[in-house]
>>> print(open('run-v9.pdb').read())   # PDB, C-alpha atoms
ATOM      1  CA  MET A   1      23.179   1.554  18.244  1.00  0.00           C
ATOM      2  CA  PRO A   2      23.126  -1.411  20.657  1.00  0.00           C
ATOM      3  CA  GLN A   3      20.771  -4.323  19.961  1.00  0.00           C
ATOM      4  CA  PRO A   4      17.541  -3.923  21.944  1.00  0.00           C
ATOM      5  CA  GLN A   5      16.959  -6.629  24.543  1.00  0.00           C
ATOM      6  CA  ILE A   6      13.647  -7.939  25.805  1.00  0.00           C
ATOM      7  CA  GLU A   7      13.148  -7.045  29.468  1.00  0.00           C
ATOM      8  CA  LEU A   8      10.537  -8.428  31.859  1.00  0.00           C
ATOM      9  CA  LEU A   9       9.105  -5.335  33.568  1.00  0.00           C
ATOM     10  CA  PRO A  10       6.374  -4.775  36.157  1.00  0.00           C
ATOM     11  CA  LEU A  11       3.144  -3.384  34.722  1.00  0.00           C
ATOM     12  CA  ALA A  12       3.356  -0.609  37.319  1.00  0.00           C
ATOM     13  CA  ALA A  13       6.585   0.598  35.677  1.00  0.00           C
ATOM     14  CA  LEU A  14       4.848   1.227  32.329  1.00  0.00           C
ATOM     15  CA  THR A  15       3.137   4.482  31.430  1.00  0.00           C
ATOM     16  CA  PRO A  16       0.434   4.537  28.723  1.00  0.00           C
ATOM     17  CA  TYR A  17       0.800   7.280  26.122  1.00  0.00           C
ATOM     18  CA  ALA A  18      -1.808   9.874  27.098  1.00  0.00           C
ATOM     19  CA  ARG A  19      -2.479  10.865  23.470  1.00  0.00           C
ATOM     20  CA  ASN A  20      -2.810   7.323  22.106  1.00  0.00           C
ATOM     21  CA  ALA A  21      -5.447   7.601  19.377  1.00  0.00           C
ATOM     22  CA  ARG A  22      -5.997   3.829  19.167  1.00  0.00           C
ATOM     23  CA  THR A  23      -8.982   2.650  21.177  1.00  0.00           C
ATOM     24  CA  HIS A  24      -9.864  -0.813  22.468  1.00  0.00           C
ATOM     25  CA  SER A  25     -13.520  -1.754  22.816  1.00  0.00           C
ATOM     26  CA  ALA A  26     -14.607  -4.130  25.562  1.00  0.00           C
ATOM     27  CA  GLU A  27     -15.153  -6.830  22.925  1.00  0.00           C
ATOM     28  CA  GLN A  28     -11.708  -6.372  21.383  1.00  0.00           C
ATOM     29  CA  LEU A  29     -10.142  -6.372  24.848  1.00  0.00           C
ATOM     30  CA  ALA A  30     -11.956  -9.663  25.563  1.00  0.00           C
ATOM     31  CA  GLN A  31     -10.436 -11.047  22.348  1.00  0.00           C
ATOM     32  CA  LEU A  32      -6.969  -9.924  23.455  1.00  0.00           C
ATOM     33  CA  VAL A  33      -7.507 -11.604  26.831  1.00  0.00           C
ATOM     34  CA  ALA A  34      -8.647 -14.824  25.118  1.00  0.00           C
ATOM     35  CA  SER A  35      -5.645 -14.699  22.792  1.00  0.00           C
ATOM     36  CA  LEU A  36      -3.281 -14.086  25.712  1.00  0.00           C
ATOM     37  CA  ARG A  37      -4.706 -17.077  27.564  1.00  0.00           C
ATOM     38  CA  GLU A  38      -4.477 -19.289  24.473  1.00  0.00           C
ATOM     39  CA  PHE A  39      -1.051 -18.315  23.137  1.00  0.00           C
ATOM     40  CA  GLY A  40       0.692 -16.533  26.023  1.00  0.00           C
ATOM     41  CA  PHE A  41       2.252 -13.084  25.861  1.00  0.00           C
ATOM     42  CA  THR A  42       3.981 -13.484  22.484  1.00  0.00           C
ATOM     43  CA  ASN A  43       4.572  -9.894  21.391  1.00  0.00           C
ATOM     44  CA  PRO A  44       6.617  -7.611  23.651  1.00  0.00           C
ATOM     45  CA  VAL A  45       5.390  -4.143  24.557  1.00  0.00           C
ATOM     46  CA  LEU A  46       7.469  -1.436  22.899  1.00  0.00           C
ATOM     47  CA  ILE A  47       8.534   1.242  25.374  1.00  0.00           C
ATOM     48  CA  ASP A  48      10.679   4.356  25.399  1.00  0.00           C
ATOM     49  CA  ALA A  49      13.705   4.916  27.624  1.00  0.00           C
ATOM     50  CA  ASP A  50      11.454   5.932  30.544  1.00  0.00           C
ATOM     51  CA  GLY A  51       8.937   3.073  30.285  1.00  0.00           C
ATOM     52  CA  GLY A  52       6.373   5.002  28.248  1.00  0.00           C
ATOM     53  CA  ILE A  53       4.325   2.646  26.095  1.00  0.00           C
ATOM     54  CA  ILE A  54       4.888   3.138  22.368  1.00  0.00           C
ATOM     55  CA  ALA A  55       3.074   0.005  21.147  1.00  0.00           C
ATOM     56  CA  GLY A  56       1.125  -2.571  23.109  1.00  0.00           C
ATOM     57  CA  HIS A  57      -1.474  -0.583  25.030  1.00  0.00           C
ATOM     58  CA  GLY A  58      -4.137  -3.229  24.401  1.00  0.00           C
ATOM     59  CA  ARG A  59      -1.826  -6.083  25.383  1.00  0.00           C
ATOM     60  CA  VAL A  60      -1.008  -4.294  28.640  1.00  0.00           C
ATOM     61  CA  LEU A  61      -4.729  -3.896  29.406  1.00  0.00           C
ATOM     62  CA  ALA A  62      -5.272  -7.606  28.653  1.00  0.00           C
ATOM     63  CA  ALA A  63      -2.319  -8.547  30.884  1.00  0.00           C
ATOM     64  CA  GLN A  64      -3.836  -6.521  33.729  1.00  0.00           C
ATOM     65  CA  GLN A  65      -7.182  -8.278  33.269  1.00  0.00           C
ATOM     66  CA  VAL A  66      -5.638 -11.751  33.544  1.00  0.00           C
ATOM     67  CA  GLY A  67      -3.669 -10.754  36.646  1.00  0.00           C
ATOM     68  CA  MET A  68      -0.185 -10.589  35.179  1.00  0.00           C
ATOM     69  CA  THR A  69       2.231  -8.398  37.111  1.00  0.00           C
ATOM     70  CA  GLU A  70       5.063  -8.347  34.552  1.00  0.00           C
ATOM     71  CA  VAL A  71       5.223  -8.285  30.764  1.00  0.00           C
ATOM     72  CA  PRO A  72       8.020  -8.597  28.215  1.00  0.00           C
ATOM     73  CA  CYS A  73       9.123  -5.209  26.891  1.00  0.00           C
ATOM     74  CA  LEU A  74      11.455  -3.986  24.198  1.00  0.00           C
ATOM     75  CA  ARG A  75      13.028  -0.614  25.006  1.00  0.00           C
ATOM     76  CA  LEU A  76      13.369   1.745  22.020  1.00  0.00           C
ATOM     77  CA  GLY A  77      15.416   4.433  23.706  1.00  0.00           C
ATOM     78  CA  HIS A  78      16.900   5.652  20.425  1.00  0.00           C
ATOM     79  CA  LEU A  79      13.658   7.224  19.138  1.00  0.00           C
ATOM     80  CA  THR A  80      13.198  10.985  19.304  1.00  0.00           C
ATOM     81  CA  GLU A  81       9.931  12.387  20.699  1.00  0.00           C
ATOM     82  CA  THR A  82       8.710  13.012  17.153  1.00  0.00           C
ATOM     83  CA  GLN A  83       9.647   9.494  16.057  1.00  0.00           C
ATOM     84  CA  LYS A  84       7.816   8.014  19.057  1.00  0.00           C
ATOM     85  CA  ARG A  85       4.651   9.945  18.244  1.00  0.00           C
ATOM     86  CA  ALA A  86       4.864   8.883  14.608  1.00  0.00           C
ATOM     87  CA  TYR A  87       5.576   5.228  15.427  1.00  0.00           C
ATOM     88  CA  ILE A  88       2.615   5.011  17.818  1.00  0.00           C
ATOM     89  CA  ILE A  89       0.399   5.784  14.826  1.00  0.00           C
ATOM     90  CA  ALA A  90       2.462   3.865  12.256  1.00  0.00           C
ATOM     91  CA  ASP A  91       2.425   0.663  14.315  1.00  0.00           C
ATOM     92  CA  ASN A  92      -1.368   0.548  14.058  1.00  0.00           C
ATOM     93  CA  GLN A  93      -1.886   2.079  10.627  1.00  0.00           C
ATOM     94  CA  LEU A  94       0.658  -0.059   8.796  1.00  0.00           C
ATOM     95  CA  ALA A  95      -1.101  -3.213  10.021  1.00  0.00           C
ATOM     96  CA  LEU A  96      -4.416  -1.851   8.736  1.00  0.00           C
ATOM     97  CA  ASN A  97      -2.883  -1.289   5.303  1.00  0.00           C
ATOM     98  CA  ALA A  98      -2.181  -5.008   4.842  1.00  0.00           C
ATOM     99  CA  ASP A  99      -4.498  -7.209   2.810  1.00  0.00           C
ATOM    100  CA  TRP A 100      -5.420 -10.866   3.104  1.00  0.00           C
ATOM    101  CA  ASP A 101      -4.922 -13.528   0.499  1.00  0.00           C
ATOM    102  CA  GLU A 102      -8.627 -14.344   0.757  1.00  0.00           C
ATOM    103  CA  GLU A 103      -8.275 -17.842  -0.671  1.00  0.00           C
ATOM    104  CA  LEU A 104      -5.503 -18.855   1.732  1.00  0.00           C
ATOM    105  CA  LEU A 105      -7.268 -17.212   4.669  1.00  0.00           C
ATOM    106  CA  ALA A 106     -10.504 -19.055   3.909  1.00  0.00           C
ATOM    107  CA  ALA A 107      -8.651 -22.374   3.696  1.00  0.00           C
ATOM    108  CA  GLU A 108      -6.898 -21.750   7.023  1.00  0.00           C
ATOM    109  CA  VAL A 109     -10.091 -20.649   8.746  1.00  0.00           C
ATOM    110  CA  ARG A 110     -12.004 -23.659   7.416  1.00  0.00           C
ATOM    111  CA  ALA A 111      -9.279 -25.976   8.740  1.00  0.00           C
ATOM    112  CA  LEU A 112      -9.363 -24.301  12.154  1.00  0.00           C
ATOM    113  CA  VAL A 113     -13.175 -24.452  12.275  1.00  0.00           C
ATOM    114  CA  ALA A 114     -12.976 -28.153  11.370  1.00  0.00           C
ATOM    115  CA  ALA A 115     -10.493 -28.596  14.242  1.00  0.00           C
ATOM    116  CA  ASP A 116     -13.064 -26.889  16.511  1.00  0.00           C
ATOM    117  CA  PHE A 117     -10.659 -24.026  17.301  1.00  0.00           C
ATOM    118  CA  ASP A 118     -12.200 -20.978  19.009  1.00  0.00           C
ATOM    119  CA  MET A 119     -12.315 -18.264  16.331  1.00  0.00           C
ATOM    120  CA  PHE A 120     -12.891 -15.561  18.980  1.00  0.00           C
ATOM    121  CA  VAL A 121      -9.262 -16.048  20.081  1.00  0.00           C
ATOM    122  CA  MET A 122      -8.187 -14.974  16.595  1.00  0.00           C
ATOM    123  CA  GLY A 123     -10.318 -11.843  16.493  1.00  0.00           C
ATOM    124  CA  PHE A 124     -13.414 -13.185  14.730  1.00  0.00           C
ATOM    125  CA  ASP A 125     -16.558 -12.053  16.510  1.00  0.00           C
ATOM    126  CA  ASP A 126     -18.707 -15.057  15.770  1.00  0.00           C
ATOM    127  CA  ALA A 127     -19.847 -17.591  13.201  1.00  0.00           C
ATOM    128  CA  ASP A 128     -21.303 -14.770  11.080  1.00  0.00           C
ATOM    129  CA  ASP A 129     -17.747 -13.536  10.362  1.00  0.00           C
ATOM    130  CA  ILE A 130     -16.805 -17.016   9.188  1.00  0.00           C
ATOM    131  CA  ARG A 131     -19.958 -17.329   7.065  1.00  0.00           C
ATOM    132  CA  GLN A 132     -19.335 -13.924   5.490  1.00  0.00           C
ATOM    133  CA  LEU A 133     -15.741 -14.888   4.657  1.00  0.00           C
ATOM    134  CA  ASP A 134     -16.961 -18.144   3.137  1.00  0.00           C
ATOM    135  CA  GLU A 135     -19.584 -16.289   1.041  1.00  0.00           C
ATOM    136  CA  GLU A 136     -16.979 -13.808  -0.181  1.00  0.00           C
ATOM    137  CA  MET A 137     -14.677 -16.668  -1.166  1.00  0.00           C
ATOM    138  CA  THR A 138     -17.496 -18.409  -3.052  1.00  0.00           C
ATOM    139  CA  GLN A 139     -18.286 -15.186  -4.943  1.00  0.00           C
ATOM    140  CA  LEU A 140     -14.590 -14.681  -5.755  1.00  0.00           C
ATOM    141  CA  LYS A 141     -14.270 -18.250  -7.027  1.00  0.00           C
ATOM    142  CA  GLU A 142     -17.382 -17.860  -9.203  1.00  0.00           C
ATOM    143  CA  LYS A 143     -15.998 -14.605 -10.612  1.00  0.00           C
ATOM    144  CA  GLN A 144     -12.637 -16.238 -11.368  1.00  0.00           C
ATOM    145  CA  GLU A 145     -14.375 -19.140 -13.111  1.00  0.00           C
ATOM    146  CA  SER A 146     -16.387 -16.725 -15.247  1.00  0.00           C
ATOM    147  CA  LEU A 147     -13.145 -15.069 -16.363  1.00  0.00           C
ATOM    148  CA  ARG A 148     -11.516 -18.241 -17.673  1.00  0.00           C
ATOM    149  CA  PRO A 149      -9.956 -17.734 -21.093  1.00  0.00           C
ATOM    150  CA  ILE A 150     -12.102 -18.541 -24.081  1.00  0.00           C
ATOM    151  CA  ARG A 151     -10.519 -20.589 -26.868  1.00  0.00           C
ATOM    152  CA  TRP A 152     -10.951 -19.073 -30.277  1.00  0.00           C
ATOM    153  CA  THR A 153     -10.639 -20.480 -33.747  1.00  0.00           C
ATOM    154  CA  ARG A 154      -8.994 -18.560 -36.544  1.00  0.00           C
ATOM    155  CA  ILE A 155     -11.336 -17.611 -39.317  1.00  0.00           C
ATOM    156  CA  LEU A 156     -10.936 -15.682 -42.527  1.00  0.00           C
ATOM    157  CA  ILE A 157     -13.802 -13.401 -43.465  1.00  0.00           C
ATOM    158  CA  SER A 158     -14.117 -11.421 -46.677  1.00  0.00           C
ATOM    159  CA  ILE A 159     -16.317  -8.343 -46.324  1.00  0.00           C
ATOM    160  CA  PRO A 160     -17.195  -5.422 -48.541  1.00  0.00           C
ATOM    161  CA  THR A 161     -14.876  -2.433 -48.080  1.00  0.00           C
ATOM    162  CA  ASP A 162     -17.661  -0.217 -46.758  1.00  0.00           C
ATOM    163  CA  PHE A 163     -17.818  -2.471 -43.625  1.00  0.00           C
ATOM    164  CA  ALA A 164     -14.060  -2.295 -42.986  1.00  0.00           C
ATOM    165  CA  GLY A 165     -14.325   0.804 -40.755  1.00  0.00           C
ATOM    166  CA  ARG A 166     -16.885  -0.863 -38.476  1.00  0.00           C
ATOM    167  CA  ILE A 167     -14.816  -4.035 -38.205  1.00  0.00           C
ATOM    168  CA  GLU A 168     -11.706  -2.040 -37.296  1.00  0.00           C
ATOM    169  CA  GLU A 169     -13.661  -0.226 -34.539  1.00  0.00           C
ATOM    170  CA  ALA A 170     -14.897  -3.563 -33.176  1.00  0.00           C
ATOM    171  CA  VAL A 171     -11.384  -5.032 -33.272  1.00  0.00           C
ATOM    172  CA  ASP A 172     -10.020  -1.976 -31.404  1.00  0.00           C
ATOM    173  CA  ALA A 173     -12.730  -2.356 -28.733  1.00  0.00           C
ATOM    174  CA  ILE A 174     -11.897  -6.049 -28.330  1.00  0.00           C
ATOM    175  CA  LYS A 175      -8.195  -5.234 -27.982  1.00  0.00           C
ATOM    176  CA  GLN A 176      -8.949  -2.543 -25.372  1.00  0.00           C
ATOM    177  CA  ALA A 177     -10.892  -5.156 -23.394  1.00  0.00           C
ATOM    178  CA  GLY A 178      -7.672  -7.160 -23.166  1.00  0.00           C
ATOM    179  CA  ALA A 179      -8.224  -9.845 -25.807  1.00  0.00           C
ATOM    180  CA  GLU A 180      -5.575 -10.859 -28.315  1.00  0.00           C
ATOM    181  CA  VAL A 181      -6.638 -10.071 -31.844  1.00  0.00           C
ATOM    182  CA  ASP A 182      -4.761 -10.851 -35.012  1.00  0.00           C
ATOM    183  CA  TYR A 183      -6.428  -8.650 -37.612  1.00  0.00           C
ATOM    184  CA  ALA A 184      -5.189  -7.654 -41.033  1.00  0.00           C
ATOM    185  CA  GLY A 185      -7.649  -5.150 -42.396  1.00  0.00           C
ATOM    186  CA  ASN A 186      -6.747  -4.770 -46.059  1.00  0.00           C
TER     187      ASN A 186
END
>>> encode(input="run-v9.pdb", output="structure tokens")
Amino acid sequence: MPQPQIELLPLAALTPYARNARTHSAEQLAQLVASLREFGFTNPVLIDADGGIIAGHGRVLAAQQVGMTEVPCLRLGHLTETQKRAYIIADNQLALNADWDEELLAAEVRALVAADFDMFVMGFDDADDIRQLDEEMTQLKEKQESLRPIRWTRILISIPTDFAGRIEEAVDAIKQAGAEVDYAGN
């Protein structure tokens, strides 16, 4: 299979997939436009052999709104019809399945806010998104601090044999909770 090459194609030569299940709200389209203006067209549109859009419908709409006449495209002519249909969904769904490292994200966002960078360009709706992220990070940090290991001291306790069963149950419960227990019940 030959290496795909990026081609600069006229928007008029591209055909949106009629059954594209991914939608773009006016607000999200405005974010794409803002991102395009800030960063340029950085991610080529994926197309089939005939110019049918496989991935990049939103970017094409944003390009039209800013008056672009051509966009970079990557032709995936090797995909079967079934593969194209599957990839149109996979391209969106796989991105949704990713998670954030909340701590790193919060640090990056804080730095960008401090640099007075426009968060809308990155897909954040407004300051409430940033505040919510900050609150979630604070809660996570508090939870992590509450889970810090507790230091224990070894002790030797002598108990009557009729209590041994209760102690063994308690030790089992402590072990099931994840604590290390060194217990010799004789």
>>> residues_around(input="run-v9.pdb", residues="Leu14 of chain A", least_positions_apart="4", cutoff="12 Å", atoms="only C-alpha atoms", output="list of chain:residue names")
A:Leu8, A:Leu9, A:Pro10, A:Val45, A:Leu46, A:Ile47, A:Asp48, A:Ala49, A:Asp50, A:Gly51, A:Gly52, A:Ile53, A:Ile54, A:Ala55, A:Gly56, A:His57, A:Val60, A:Leu61, A:Gln64, A:Thr69, A:Glu70, A:Val71, A:Pro72, A:Cys73, A:Leu74, A:Arg75
>>> atom_distance(input="run-v9.pdb", atom1="atom CA of Asn43 of chain A", atom2="atom CA of Phe120 of chain A")
18.5 Å
>>> closest_residue(input="run-v9.pdb", among="A:Ala21, A:Ala63, A:Met68, A:Ile6", to="Ile88 of chain A", atoms="only C-alpha atoms")
A:Ala21
>>> closest_residue(input="run-v9.pdb", among="A:Asn20, A:Val121, A:Lys84, A:Glu142", to="Phe39 of chain A", atoms="only C-alpha atoms")
A:Val121
>>> atom_distance(input="run-v9.pdb", atom1="atom CA of Gly67 of chain A", atom2="atom CA of Glu27 of chain A")
18.3 Å
>>> atom_distance(input="run-v9.pdb", atom1="atom CA of Phe124 of chain A", atom2="atom CA of Ala95 of chain A")
16.5 Å
>>> closest_residue(input="run-v9.pdb", among="A:Met119, A:Val181, A:Ala106, A:Val171", to="Thr138 of chain A", atoms="only C-alpha atoms")
A:Ala106
>>> residues_around(input="run-v9.pdb", residues="Val66 of chain A", least_positions_apart="6", cutoff="10 Å", atoms="only C-alpha atoms", output="NGL selection string")
:A and (33-34 or 36-37)
>>> write_last_selection(input="run-v9.pdb", atoms="C-alpha atoms", output="compact mmCIF listing (two decimals), in the coordinates of the input")
# COMPACT_ATOMS: atom_id res chain seq x y z
CA VAL A 33 -7.51 -11.60 26.83
CA ALA A 34 -8.65 -14.82 25.12
CA LEU A 36 -3.28 -14.09 25.71
CA ARG A 37 -4.71 -17.08 27.56
>>> axis_aligned_box(input="run-v9.pdb", around="segment 162-179 of chain A", padding_each_side="6 Å", output="JSON")
{"center_x": -12.7, "center_y": -4.5, "center_z": -35.0, "size_x": 22.1, "size_y": 22.6, "size_z": 35.6}
>>> closest_residue(input="run-v9.pdb", among="A:Gln132, A:Gln3, A:Asn92, A:Asn97", to="Arg22 of chain A", atoms="only C-alpha atoms")
A:Asn92
>>> closest_residue(input="run-v9.pdb", among="A:Met122, A:His78, A:Gly40, A:Asp172", to="Glu108 of chain A", atoms="all atoms listed in the file")
A:Met122
>>> build_atoms(input="run-v9.pdb", residues="segment 26-37 of chain A", atoms="all heavy atoms", output="PDB file, in the frame of the given file")
ATOM      1  N   ALA A  26     -14.528  -3.035  24.592  1.00  0.00           N
ATOM      2  CA  ALA A  26     -14.607  -4.130  25.562  1.00  0.00           C
ATOM      3  C   ALA A  26     -14.532  -5.477  24.840  1.00  0.00           C
ATOM      4  O   ALA A  26     -13.869  -6.414  25.319  1.00  0.00           O
ATOM      5  CB  ALA A  26     -15.894  -4.022  26.379  1.00  0.00           C
ATOM      6  N   GLU A  27     -15.173  -5.575  23.678  1.00  0.00           N
ATOM      7  CA  GLU A  27     -15.153  -6.830  22.925  1.00  0.00           C
ATOM      8  C   GLU A  27     -13.744  -7.145  22.414  1.00  0.00           C
ATOM      9  O   GLU A  27     -13.278  -8.285  22.509  1.00  0.00           O
ATOM     10  CB  GLU A  27     -16.131  -6.768  21.758  1.00  0.00           C
ATOM     11  CG  GLU A  27     -16.191  -8.069  20.995  1.00  0.00           C
ATOM     12  CD  GLU A  27     -17.224  -8.071  19.884  1.00  0.00           C
ATOM     13  OE1 GLU A  27     -17.727  -6.991  19.518  1.00  0.00           O
ATOM     14  OE2 GLU A  27     -17.516  -9.163  19.378  1.00  0.00           O
ATOM     15  N   GLN A  28     -13.061  -6.140  21.887  1.00  0.00           N
ATOM     16  CA  GLN A  28     -11.708  -6.372  21.383  1.00  0.00           C
ATOM     17  C   GLN A  28     -10.771  -6.706  22.535  1.00  0.00           C
ATOM     18  O   GLN A  28      -9.897  -7.565  22.399  1.00  0.00           O
ATOM     19  CB  GLN A  28     -11.215  -5.148  20.607  1.00  0.00           C
ATOM     20  CG  GLN A  28     -10.008  -5.464  19.739  1.00  0.00           C
ATOM     21  CD  GLN A  28      -8.712  -4.868  20.244  1.00  0.00           C
ATOM     22  OE1 GLN A  28      -8.684  -4.038  21.136  1.00  0.00           O
ATOM     23  NE2 GLN A  28      -7.612  -5.303  19.665  1.00  0.00           N
ATOM     24  N   LEU A  29     -10.955  -6.062  23.673  1.00  0.00           N
ATOM     25  CA  LEU A  29     -10.142  -6.372  24.848  1.00  0.00           C
ATOM     26  C   LEU A  29     -10.389  -7.817  25.294  1.00  0.00           C
ATOM     27  O   LEU A  29      -9.451  -8.539  25.641  1.00  0.00           O
ATOM     28  CB  LEU A  29     -10.434  -5.386  25.977  1.00  0.00           C
ATOM     29  CG  LEU A  29      -9.517  -5.448  27.181  1.00  0.00           C
ATOM     30  CD1 LEU A  29      -8.054  -5.342  26.783  1.00  0.00           C
ATOM     31  CD2 LEU A  29      -9.878  -4.344  28.168  1.00  0.00           C
ATOM     32  N   ALA A  30     -11.639  -8.275  25.225  1.00  0.00           N
ATOM     33  CA  ALA A  30     -11.956  -9.663  25.563  1.00  0.00           C
ATOM     34  C   ALA A  30     -11.247 -10.614  24.593  1.00  0.00           C
ATOM     35  O   ALA A  30     -10.783 -11.692  25.001  1.00  0.00           O
ATOM     36  CB  ALA A  30     -13.465  -9.884  25.540  1.00  0.00           C
ATOM     37  N   GLN A  31     -11.159 -10.227  23.329  1.00  0.00           N
ATOM     38  CA  GLN A  31     -10.436 -11.047  22.348  1.00  0.00           C
ATOM     39  C   GLN A  31      -8.944 -11.092  22.677  1.00  0.00           C
ATOM     40  O   GLN A  31      -8.305 -12.146  22.565  1.00  0.00           O
ATOM     41  CB  GLN A  31     -10.656 -10.510  20.939  1.00  0.00           C
ATOM     42  CG  GLN A  31     -12.067 -10.720  20.438  1.00  0.00           C
ATOM     43  CD  GLN A  31     -12.341  -9.994  19.133  1.00  0.00           C
ATOM     44  OE1 GLN A  31     -11.701  -8.989  18.818  1.00  0.00           O
ATOM     45  NE2 GLN A  31     -13.305 -10.494  18.383  1.00  0.00           N
ATOM     46  N   LEU A  32      -8.382  -9.957  23.071  1.00  0.00           N
ATOM     47  CA  LEU A  32      -6.969  -9.924  23.455  1.00  0.00           C
ATOM     48  C   LEU A  32      -6.713 -10.805  24.678  1.00  0.00           C
ATOM     49  O   LEU A  32      -5.709 -11.525  24.733  1.00  0.00           O
ATOM     50  CB  LEU A  32      -6.515  -8.487  23.732  1.00  0.00           C
ATOM     51  CG  LEU A  32      -6.390  -7.562  22.528  1.00  0.00           C
ATOM     52  CD1 LEU A  32      -6.143  -6.123  22.981  1.00  0.00           C
ATOM     53  CD2 LEU A  32      -5.283  -8.029  21.600  1.00  0.00           C
ATOM     54  N   VAL A  33      -7.625 -10.759  25.638  1.00  0.00           N
ATOM     55  CA  VAL A  33      -7.507 -11.604  26.831  1.00  0.00           C
ATOM     56  C   VAL A  33      -7.562 -13.073  26.429  1.00  0.00           C
ATOM     57  O   VAL A  33      -6.743 -13.893  26.873  1.00  0.00           O
ATOM     58  CB  VAL A  33      -8.607 -11.253  27.865  1.00  0.00           C
ATOM     59  CG1 VAL A  33      -8.710 -12.325  28.941  1.00  0.00           C
ATOM     60  CG2 VAL A  33      -8.335  -9.885  28.491  1.00  0.00           C
ATOM     61  N   ALA A  34      -8.524 -13.429  25.568  1.00  0.00           N
ATOM     62  CA  ALA A  34      -8.647 -14.824  25.118  1.00  0.00           C
ATOM     63  C   ALA A  34      -7.396 -15.258  24.371  1.00  0.00           C
ATOM     64  O   ALA A  34      -6.901 -16.381  24.561  1.00  0.00           O
ATOM     65  CB  ALA A  34      -9.890 -14.972  24.238  1.00  0.00           C
ATOM     66  N   SER A  35      -6.862 -14.394  23.541  1.00  0.00           N
ATOM     67  CA  SER A  35      -5.645 -14.699  22.792  1.00  0.00           C
ATOM     68  C   SER A  35      -4.462 -14.873  23.736  1.00  0.00           C
ATOM     69  O   SER A  35      -3.650 -15.793  23.588  1.00  0.00           O
ATOM     70  CB  SER A  35      -5.372 -13.593  21.782  1.00  0.00           C
ATOM     71  OG  SER A  35      -4.198 -13.854  21.063  1.00  0.00           O
ATOM     72  N   LEU A  36      -4.361 -14.004  24.725  1.00  0.00           N
ATOM     73  CA  LEU A  36      -3.281 -14.086  25.712  1.00  0.00           C
ATOM     74  C   LEU A  36      -3.350 -15.401  26.474  1.00  0.00           C
ATOM     75  O   LEU A  36      -2.335 -16.069  26.692  1.00  0.00           O
ATOM     76  CB  LEU A  36      -3.378 -12.890  26.666  1.00  0.00           C
ATOM     77  CG  LEU A  36      -2.373 -12.783  27.797  1.00  0.00           C
ATOM     78  CD1 LEU A  36      -0.957 -12.723  27.261  1.00  0.00           C
ATOM     79  CD2 LEU A  36      -2.668 -11.557  28.636  1.00  0.00           C
ATOM     80  N   ARG A  37      -4.545 -15.805  26.846  1.00  0.00           N
ATOM     81  CA  ARG A  37      -4.706 -17.077  27.564  1.00  0.00           C
ATOM     82  C   ARG A  37      -4.368 -18.272  26.664  1.00  0.00           C
ATOM     83  O   ARG A  37      -3.816 -19.265  27.130  1.00  0.00           O
ATOM     84  CB  ARG A  37      -6.131 -17.196  28.101  1.00  0.00           C
ATOM     85  CG  ARG A  37      -6.378 -16.289  29.286  1.00  0.00           C
ATOM     86  CD  ARG A  37      -7.735 -16.515  29.906  1.00  0.00           C
ATOM     87  NE  ARG A  37      -7.859 -15.732  31.125  1.00  0.00           N
ATOM     88  CZ  ARG A  37      -8.926 -15.022  31.446  1.00  0.00           C
ATOM     89  NH1 ARG A  37      -9.992 -15.017  30.666  1.00  0.00           N
ATOM     90  NH2 ARG A  37      -8.955 -14.346  32.574  1.00  0.00           N
TER      91      ARG A  37
END
